[in-house]
Structure formats: structure tokens, C-alpha cells
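Structure, as C-alpha cells:
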Amino acid sequence: MFDLEDFRADTRAWLEENCPASMREPMRGADDICWGGRNPEFKNDDQRLWLERMADRGWTAPTWPEQYGGGGLSPEQAKVLREEMARIDAREPLKSFGISMVGPAIIKWGSEALKQEHLPKICRGEIRWCQGYSEPGAGSDLAGLQTKAEDKGDHYLINGQKIWTSYAHKADWIFCLVRTSWEGKKQEGITLILFDMQSPGVEARPIRLISGASVFCETFFTDVKADKKQVVGEVNKGWTYAKYILTHEREMVSAIGGDASAVDALGVQSLDAVGTDDQGRLDDPILRGDIARWEIDQLSFRLTLERARDEAKAGEGVGHYSALLKYAGTELNKRRLELKVAAEGMGGLAWEGQAWKGGALAKEWLRSKANSIEGGTSEVQLGILAKNVLGMK
């Protein structure tokens with residue numbers, strides 16, 4: 001077995017040499033996120049270079065098999081990589097629904113042809129994905145979805161509508177739940193299929209939020225042709241795959257509450273805004289106490305998140321435990337943004353202005369309110385915990 005200390009030393013040396021200095025600074029907004037895609041929008045050359053270097057090593061998806069573009073690391077090695085990246089505050093090289101959601105499902109249930117077609121592109125950040133789940137009449141009751149796929153021989157003809165499709169207007173491909181059968185229980189007639197967002201008949205309409213952002217979309221399908229070869233797993237078995245992907249989505253969303261760099265960023269911004277007293281402490285005892293409580297809760301959550309990863313070494317995800325992580329992580333992120341606004345006072349509510357000095361901060365704070373809705377509402381997560389973890393009726 002590869003010695004973990006040797007691996008740590010090699011990883012540390014490689015990161016020190018290859019991670020650009022600007023990729024070791026806290027992200028200051030949505031523009032700092034690298035999403036990749038067919039037509040990627042890089043903020044600077046360092047962001048592009050960091051993605052290319054990490055993808056070349058397979059470290060955008062470190063535990064995925066090497067033959068599909070991943071790093072082939074063991075869970076123990078992947079943990080070392082996370083620790084060494086955190087040590088130098090290295091940014092995530094790629095934000096990808098392909099890596100965090102649909103990729104694991106393709107690895108587990110997809111045909112070999114699907115794996116060869118999609119997984120390497122996901123690892124290299126060449127395709128940006130969106131998720132076609134919720135519908136106007138099927139949100140929390142997702143199994144009630146009505147988007148239908150008619151069998152036309154070698155392809156399906158898809159008609160229907162999705163709602164709250166994150167970044168659909170910028171995505172290249174979609175992993176979509178469609179109804180292929182109306183018989184039996186509603187969960188039994190659902191299929192998971194992949195298709196190109198540039199296909200004729202696909203229309204994404206951004207929804208403008210109170211924050212001014214338009215990250216969610218209404219997505220319409222009118223006689224969209226989807227190749228049957230793009231079905232993940234078995235026809236009419238999509239509900240099983242959908243639930244599996246949801247556990248990964250909750251893990252992904254929960255991670256926003258466990259960002260180690262957020263602690264330093266909150267502290268620095270608060271000191272800049274409020275100043276210090278004669279003992280060098282934040283010159284606002286109430287705010288100081290609120291931040292201290294948040295830091296303790298955030299550290300506890302990070303340790304819990306790491307423990308959950310350790311317990312999921314078998315690669316099956318964390319199951320219903322993901323509901324706890326999602327709920328706690330999103331609440332922590334909302335509290336973090338509330339504290340940032342509180343530190344700035346009235347200036348934190350300004351709509352226009354320098355980033356994190358009003359304007360962008362107010363919009364980011366408002367955007368965080370959606371954290372407790374996307375990926376399953378907080379009420380749904382609490383219901384899952386009550387029923388499936390606590391055994392309540």
C-alpha cells in the first residue's frame with residue numbers, strides 16, 4: 001500500500017509548485033467560481049491554469065477511476081489531498097454538477113459507452129451540466145413529475161417543463177427525469193436520461209431573483225429528441241437513481257457551510273468594518289460573541305462532515321445522513337452572510353458598491369436564502385431525519 005506520509009509529502013510539494021498564488025485567496029463572490037463548459041469563462045489565466053493542472057492529474061475528481069479521467073485515489077489519499085489543499089487555502093479548481101451529482105450515478109449505473117463519453121469530459125471541465133428535476137407541479141412531491149418521454153424507436157420525444165433549473169441557460173447538457181410509463185406507482189415510471197441543451201426544442205428562461213441574480217431557470221422541452229443510448233441504467237428505474245443523486249447534491253450544497261477559508265474571511269472583513277478595542281478584540285462585544293458561536297458551530301460541522309466522509313469510504317454515499325449535512329450546512333452559510341451584513345451595518349444593505357463593502361454583499365446575503373430551498377427544502381430534510389433516522393411516525 002502506498003505510504004500516506006510519502007503521498008502527503010509528494011502532494012504538498014506538487015501543490016506548492018503548481019497552485020498559483022491567486023488561487024490561494026478566499027473567493028470573494030460568484031465570479032471567482034470556475035464552472036468550465038464548452039465555452040468556459042475564466043476570470044484570469046491563473047484560474048484556467050489551475051483547472052488544467054488539476055485535471056491533468058485527475059484531481060478534479062480524485063477518487064474516480066483513472067480510465068475515466070479521475071485520480072484513482074483511495075479515500076485516505078483523497079482526504080490527504082483535501083487537507084493539503086486546505087493548508088494553503090487552495091481553491092476548488094472546478095465547480096461541477098457533473099462531478100458532484102450525475103457523475104457518480106453514471107459510474108454506478110451507466111453503460112460503458114456512457115462512461116467513456118461523459119466522465120472524461122466531466123473531469124476536464126469540458127461540459128457543464130444542469131439538473132432537470134423539479135416541475136411547477138412537482139417540487140417536494142418530485143415523483144409526481146409530468147414531463148413525458150414517448151418511445152420513438154431509437155429515441156425518446158420529450159415534452160414538458162422543469163422549474164428552478166440551476167444555470168440551465170449556461171449548461172451544455174442536462175440530466176433529466178422524465179416519465180416513460182403511467183402504470184403502477186408514480187415512482188415506477190420515471191427514467192433518467194441525458195441530452196444536449198442545444199437540442200432543438202430546448203428553451204431555458206432565467207428567473208430574476210430578489211438579489212438581482214438569475215441562477216435559476218424555467219426550462220421548456222418541445223419535441224426534444226433524446227437518444228435512447230443516453231438513458232442511465234434501466235428504463236423506469238430512474239427514481240432509484242434520482243434519490244442517489246439527491247444524496248450527492250445535499251452533500252455538495254452542505255459543503256458551503258464547511259468552507260475553512262470562510263472563517264478567516266469573516267474575521268478579516270469584520271475587523272476592517274468594526275475595528276478593534278484597546279485589547280485588540282473586535283470592537284463590538286455582541287457581534288464578537290455571535291461570530292465566536294458561529295466559528296465553534298462551523299468547526300463542529302467541518303469535523304462532522306469529515307467524519308461522514310470517512311464513514312462513506314465504501315463509496316455508497318452517506319444516505320439519509322446527507323439530509324442532516326444539507327440542513328446544517330445551509331443554515332451555517334446563511335448565518336455567515338448575516339454576520340457579514342451585521343458587521344457592515346447599514347452599509348451592508350447597500351445595493352451598489354465595492355465588492356463586500358455593500359452592493360455585492362447584500363446580493364450575496366439575499367442569494368443565500370435559496371440555500372435552504374435548493375437541493376430539497378429544510379422542511380423536507382427535517383422530515384427525512386425524523387422519519388428515516390429518528391424513526392418517528
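Ordering of the C-alpha cells sets the chain letters (A, B, ...), residue numbers begin anew at 1 in every chain, and ligands are numbered from 1 in the order given.
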
I'd like the neighbourhood of stretch 365-371 of chain A as a count of residues only, where a residue qualifies if any of its atoms comes within 7 Å (using only C-alpha atoms), though same-chain residues fewer than 6 positions away should be ignored. 5

Would you list, as a PDB file with C-alpha atoms, in the first residue's frame, the residues of stretch 151-335 of chain A that end up in alpha helix (DSSP H) under DSSP run on this structure's backbone?
ATOM      1  CA  GLY A 238     -34.967   6.431 -12.557  1.00  0.00           C
ATOM      2  CA  TRP A 239     -36.467   7.059  -9.120  1.00  0.00           C
ATOM      3  CA  THR A 240     -33.729   4.934  -7.541  1.00  0.00           C
ATOM      4  CA  TYR A 241     -31.048   6.872  -9.393  1.00  0.00           C
ATOM      5  CA  ALA A 242     -32.718  10.199  -8.605  1.00  0.00           C
ATOM      6  CA  LYS A 243     -32.625   9.532  -4.864  1.00  0.00           C
ATOM      7  CA  TYR A 244     -28.968   8.549  -5.099  1.00  0.00           C
ATOM      8  CA  ILE A 245     -28.121  11.765  -6.931  1.00  0.00           C
ATOM      9  CA  LEU A 246     -30.069  13.774  -4.347  1.00  0.00           C
ATOM     10  CA  THR A 247     -27.842  12.463  -1.547  1.00  0.00           C
ATOM     11  CA  HIS A 248     -24.810  13.677  -3.506  1.00  0.00           C
ATOM     12  CA  GLU A 249     -26.493  17.019  -4.180  1.00  0.00           C
ATOM     13  CA  ARG A 250     -27.162  17.503  -0.480  1.00  0.00           C
ATOM     14  CA  GLU A 251     -23.529  16.729   0.293  1.00  0.00           C
ATOM     15  CA  MET A 252     -22.481  19.288  -2.324  1.00  0.00           C
ATOM     16  CA  VAL A 253     -24.788  22.011  -1.011  1.00  0.00           C
ATOM     17  CA  SER A 254     -23.803  21.270   2.600  1.00  0.00           C
ATOM     18  CA  SER A 261     -11.413  29.763   4.396  1.00  0.00           C
ATOM     19  CA  ALA A 262     -14.741  31.365   5.326  1.00  0.00           C
ATOM     20  CA  VAL A 263     -13.589  31.700   8.952  1.00  0.00           C
ATOM     21  CA  ASP A 264     -10.610  33.892   8.113  1.00  0.00           C
ATOM     22  CA  ALA A 265     -12.597  35.839   5.529  1.00  0.00           C
ATOM     23  CA  LEU A 266     -15.352  36.646   8.036  1.00  0.00           C
ATOM     24  CA  GLY A 267     -12.834  37.661  10.696  1.00  0.00           C
ATOM     25  CA  VAL A 268     -10.821  39.927   8.401  1.00  0.00           C
ATOM     26  CA  GLN A 269     -13.884  41.622   6.967  1.00  0.00           C
ATOM     27  CA  SER A 270     -15.389  42.178  10.420  1.00  0.00           C
ATOM     28  CA  LEU A 271     -12.165  43.707  11.778  1.00  0.00           C
ATOM     29  CA  ASP A 272     -11.934  46.011   8.765  1.00  0.00           C
ATOM     30  CA  ALA A 273     -15.526  47.135   9.223  1.00  0.00           C
ATOM     31  CA  VAL A 274     -15.759  47.420  13.020  1.00  0.00           C
ATOM     32  CA  PRO A 285     -18.964  42.568  22.073  1.00  0.00           C
ATOM     33  CA  ILE A 286     -22.348  41.341  20.790  1.00  0.00           C
ATOM     34  CA  LEU A 287     -21.088  40.790  17.266  1.00  0.00           C
ATOM     35  CA  ARG A 288     -17.899  39.261  18.667  1.00  0.00           C
ATOM     36  CA  GLY A 289     -19.941  36.712  20.602  1.00  0.00           C
ATOM     37  CA  ASP A 290     -22.127  35.901  17.587  1.00  0.00           C
ATOM     38  CA  ILE A 291     -19.073  35.334  15.410  1.00  0.00           C
ATOM     39  CA  ALA A 292     -17.434  33.158  18.074  1.00  0.00           C
ATOM     40  CA  ARG A 293     -20.552  30.980  18.308  1.00  0.00           C
ATOM     41  CA  TRP A 294     -20.653  30.682  14.523  1.00  0.00           C
ATOM     42  CA  GLU A 295     -16.964  29.709  14.391  1.00  0.00           C
ATOM     43  CA  ILE A 296     -17.498  26.988  17.021  1.00  0.00           C
ATOM     44  CA  ASP A 297     -20.533  25.627  15.176  1.00  0.00           C
ATOM     45  CA  GLN A 298     -18.706  25.811  11.857  1.00  0.00           C
ATOM     46  CA  LEU A 299     -15.703  23.916  13.215  1.00  0.00           C
ATOM     47  CA  SER A 300     -18.019  21.266  14.662  1.00  0.00           C
ATOM     48  CA  PHE A 301     -19.748  20.972  11.307  1.00  0.00           C
ATOM     49  CA  ARG A 302     -16.445  20.623   9.438  1.00  0.00           C
ATOM     50  CA  LEU A 303     -15.430  17.784  11.755  1.00  0.00           C
ATOM     51  CA  THR A 304     -18.831  16.156  11.294  1.00  0.00           C
ATOM     52  CA  LEU A 305     -18.528  16.499   7.530  1.00  0.00           C
ATOM     53  CA  GLU A 306     -15.085  14.896   7.597  1.00  0.00           C
ATOM     54  CA  ARG A 307     -16.360  12.066   9.788  1.00  0.00           C
ATOM     55  CA  ALA A 308     -19.235  11.469   7.370  1.00  0.00           C
ATOM     56  CA  ARG A 309     -16.743  11.210   4.509  1.00  0.00           C
ATOM     57  CA  ASP A 310     -14.672   8.722   6.464  1.00  0.00           C
ATOM     58  CA  GLU A 311     -17.763   6.628   7.168  1.00  0.00           C
ATOM     59  CA  TYR A 321     -27.267  11.396   6.820  1.00  0.00           C
ATOM     60  CA  SER A 322     -26.915  13.756   3.863  1.00  0.00           C
ATOM     61  CA  ALA A 323     -30.160  15.445   4.950  1.00  0.00           C
ATOM     62  CA  LEU A 324     -28.547  16.427   8.252  1.00  0.00           C
ATOM     63  CA  LEU A 325     -25.451  17.758   6.479  1.00  0.00           C
ATOM     64  CA  LYS A 326     -27.506  19.705   3.967  1.00  0.00           C
ATOM     65  CA  TYR A 327     -29.700  21.304   6.618  1.00  0.00           C
ATOM     66  CA  ALA A 328     -26.821  22.243   8.935  1.00  0.00           C
ATOM     67  CA  GLY A 329     -24.528  23.438   6.137  1.00  0.00           C
ATOM     68  CA  THR A 330     -27.069  25.757   4.570  1.00  0.00           C
ATOM     69  CA  GLU A 331     -28.050  27.248   7.935  1.00  0.00           C
ATOM     70  CA  LEU A 332     -24.376  27.937   8.680  1.00  0.00           C
ATOM     71  CA  ASN A 333     -23.902  29.678   5.357  1.00  0.00           C
ATOM     72  CA  LYS A 334     -26.960  31.852   5.911  1.00  0.00           C
ATOM     73  CA  ARG A 335     -25.659  32.816   9.368  1.00  0.00           C
TER      74      ARG A 335
END

Nearest to A:Pro62: which of A:Lys148, A:Arg38, A:Arg124, A:His118 is it, counting only C-alpha atoms? A:Arg124

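Between atom CA of A:Arg336 and atom CA of A:Ser372 the separation is 13.8 Å.
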
Atom CA of A:Ala86 and atom CA of A:Glu16, how far apart in Å?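 Separation between atom CA of A:Glu16 and atom CA of A:Ala86: 12.0 Å.
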
Test item, strand (DSSP E) assignment across stretch 52-149 of chain A, answer as a list of chain:residue names: A:Trp129, A:Cys130, A:Gln131, A:Gly132, A:Lys148, A:Ala149

Any chance you could export the current selection's N, CA, C and O atoms as a PDB file, in the first residue's frame?
ATOM      1  N   TRP A 129     -23.065  20.867 -16.687  1.00  0.00           N
ATOM      2  CA  TRP A 129     -24.338  20.167 -16.562  1.00  0.00           C
ATOM      3  C   TRP A 129     -25.352  20.956 -15.740  1.00  0.00           C
ATOM      4  O   TRP A 129     -24.998  21.759 -14.877  1.00  0.00           O
ATOM      5  N   CYS A 130     -26.630  20.685 -16.007  1.00  0.00           N
ATOM      6  CA  CYS A 130     -27.705  21.163 -15.137  1.00  0.00           C
ATOM      7  C   CYS A 130     -28.613  19.982 -14.828  1.00  0.00           C
ATOM      8  O   CYS A 130     -28.527  18.924 -15.447  1.00  0.00           O
ATOM      9  N   GLN A 131     -29.497  20.186 -13.855  1.00  0.00           N
ATOM     10  CA  GLN A 131     -30.324  19.110 -13.314  1.00  0.00           C
ATOM     11  C   GLN A 131     -31.791  19.361 -13.621  1.00  0.00           C
ATOM     12  O   GLN A 131     -32.352  20.381 -13.211  1.00  0.00           O
ATOM     13  N   GLY A 132     -32.429  18.439 -14.333  1.00  0.00           N
ATOM     14  CA  GLY A 132     -33.847  18.579 -14.658  1.00  0.00           C
ATOM     15  C   GLY A 132     -34.706  17.737 -13.738  1.00  0.00           C
ATOM     16  O   GLY A 132     -35.060  16.595 -14.083  1.00  0.00           O
ATOM     17  N   LYS A 148     -42.951  14.127 -20.092  1.00  0.00           N
ATOM     18  CA  LYS A 148     -43.093  12.784 -20.654  1.00  0.00           C
ATOM     19  C   LYS A 148     -42.080  12.526 -21.768  1.00  0.00           C
ATOM     20  O   LYS A 148     -41.661  13.427 -22.491  1.00  0.00           O
ATOM     21  N   ALA A 149     -41.707  11.267 -21.882  1.00  0.00           N
ATOM     22  CA  ALA A 149     -40.804  10.823 -22.934  1.00  0.00           C
ATOM     23  C   ALA A 149     -41.493   9.706 -23.705  1.00  0.00           C
ATOM     24  O   ALA A 149     -41.729   8.622 -23.173  1.00  0.00           O
TER      25      ALA A 149
END

Give me the residues within 6 Å of A:Arg128 as a ChimeraX atom specification, counting only C-alpha atoms and dropping any in the same chain fewer than 5 places off. /A:37,171-172

Would you mind exporting all heavy atoms of the selected residues as a short mmCIF file (atom, residue, chain, number, x, y, z; two decimals), in the first residue's frame?
data_model
loop_
_atom_site.label_atom_id
_atom_site.label_comp_id
_atom_site.auth_asym_id
_atom_site.auth_seq_id
_atom_site.Cartn_x
_atom_site.Cartn_y
_atom_site.Cartn_z
N GLY A 37 -17.02 24.10 -18.98
CA GLY A 37 -18.03 24.07 -20.02
C GLY A 37 -17.43 24.17 -21.41
O GLY A 37 -16.21 24.31 -21.58
N ALA A 171 -25.78 25.89 -19.22
CA ALA A 171 -25.38 24.48 -19.24
C ALA A 171 -25.28 23.94 -20.66
O ALA A 171 -25.97 24.40 -21.58
CB ALA A 171 -26.38 23.64 -18.44
N ASP A 172 -24.43 22.92 -20.82
CA ASP A 172 -24.25 22.25 -22.10
C ASP A 172 -25.13 21.01 -22.21
O ASP A 172 -25.67 20.71 -23.28
CB ASP A 172 -22.79 21.83 -22.29
CG ASP A 172 -21.83 23.01 -22.17
OD1 ASP A 172 -22.06 24.02 -22.86
OD2 ASP A 172 -20.86 22.92 -21.39
#

Mind pulling up the distance from atom CA of A:Tyr133 to atom CA of A:Arg91?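 One can read the atom CA of A:Arg91 to atom CA of A:Tyr133 distance as 29.0 Å.
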
So, with only C-alpha atoms as the atoms that count, which of A:Leu4, A:Ile373, A:Leu177, A:Leu385 lies closest to A:Lys79?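 Comparing A:Leu4, A:Ile373, A:Leu177, A:Leu385 against A:Lys79, the winner is A:Leu4.
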
Restricting to only C-alpha atoms, whichever of A:Ala362, A:Val231, A:Ala342, A:Leu73 is closest to A:Leu114 is A:Val231

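Restricting the calculation to only C-alpha atoms, the smallest distance between A:Ile107 and any of A:Glu135, A:Leu49, A:Tyr68, A:Ile163 is found for A:Tyr68.
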
For the interface of stretch 32-124 of chain A with stretch 192-202 of chain A (cut-off 12 Å, counting only C-alpha atoms), please tabulate each contacting residue of stretch 32-124 of chain A alongside its nearest pair of atoms and their separation in Å to one decimal, rows sorted by chain and increasing number, as JSON lines.
{"residue": "A:Arg38", "atom": "CA", "partner": "A:Gln198", "partner_atom": "CA", "distance": 11.5}
{"residue": "A:Gly98", "atom": "CA", "partner": "A:Leu194", "partner_atom": "CA", "distance": 11.5}
{"residue": "A:Val102", "atom": "CA", "partner": "A:Leu194", "partner_atom": "CA", "distance": 9.5}
{"residue": "A:Gly103", "atom": "CA", "partner": "A:Leu194", "partner_atom": "CA", "distance": 11.5}
{"residue": "A:Ala105", "atom": "CA", "partner": "A:Leu192", "partner_atom": "CA", "distance": 9.9}
{"residue": "A:Ile106", "atom": "CA", "partner": "A:Leu194", "partner_atom": "CA", "distance": 10.3}
{"residue": "A:Trp109", "atom": "CA", "partner": "A:Leu192", "partner_atom": "CA", "distance": 10.7}
{"residue": "A:Gly110", "atom": "CA", "partner": "A:Leu192", "partner_atom": "CA", "distance": 10.4}
{"residue": "A:Leu114", "atom": "CA", "partner": "A:Leu194", "partner_atom": "CA", "distance": 9.6}
{"residue": "A:Glu117", "atom": "CA", "partner": "A:Leu194", "partner_atom": "CA", "distance": 11.5}
{"residue": "A:His118", "atom": "CA", "partner": "A:Leu194", "partner_atom": "CA", "distance": 10.0}
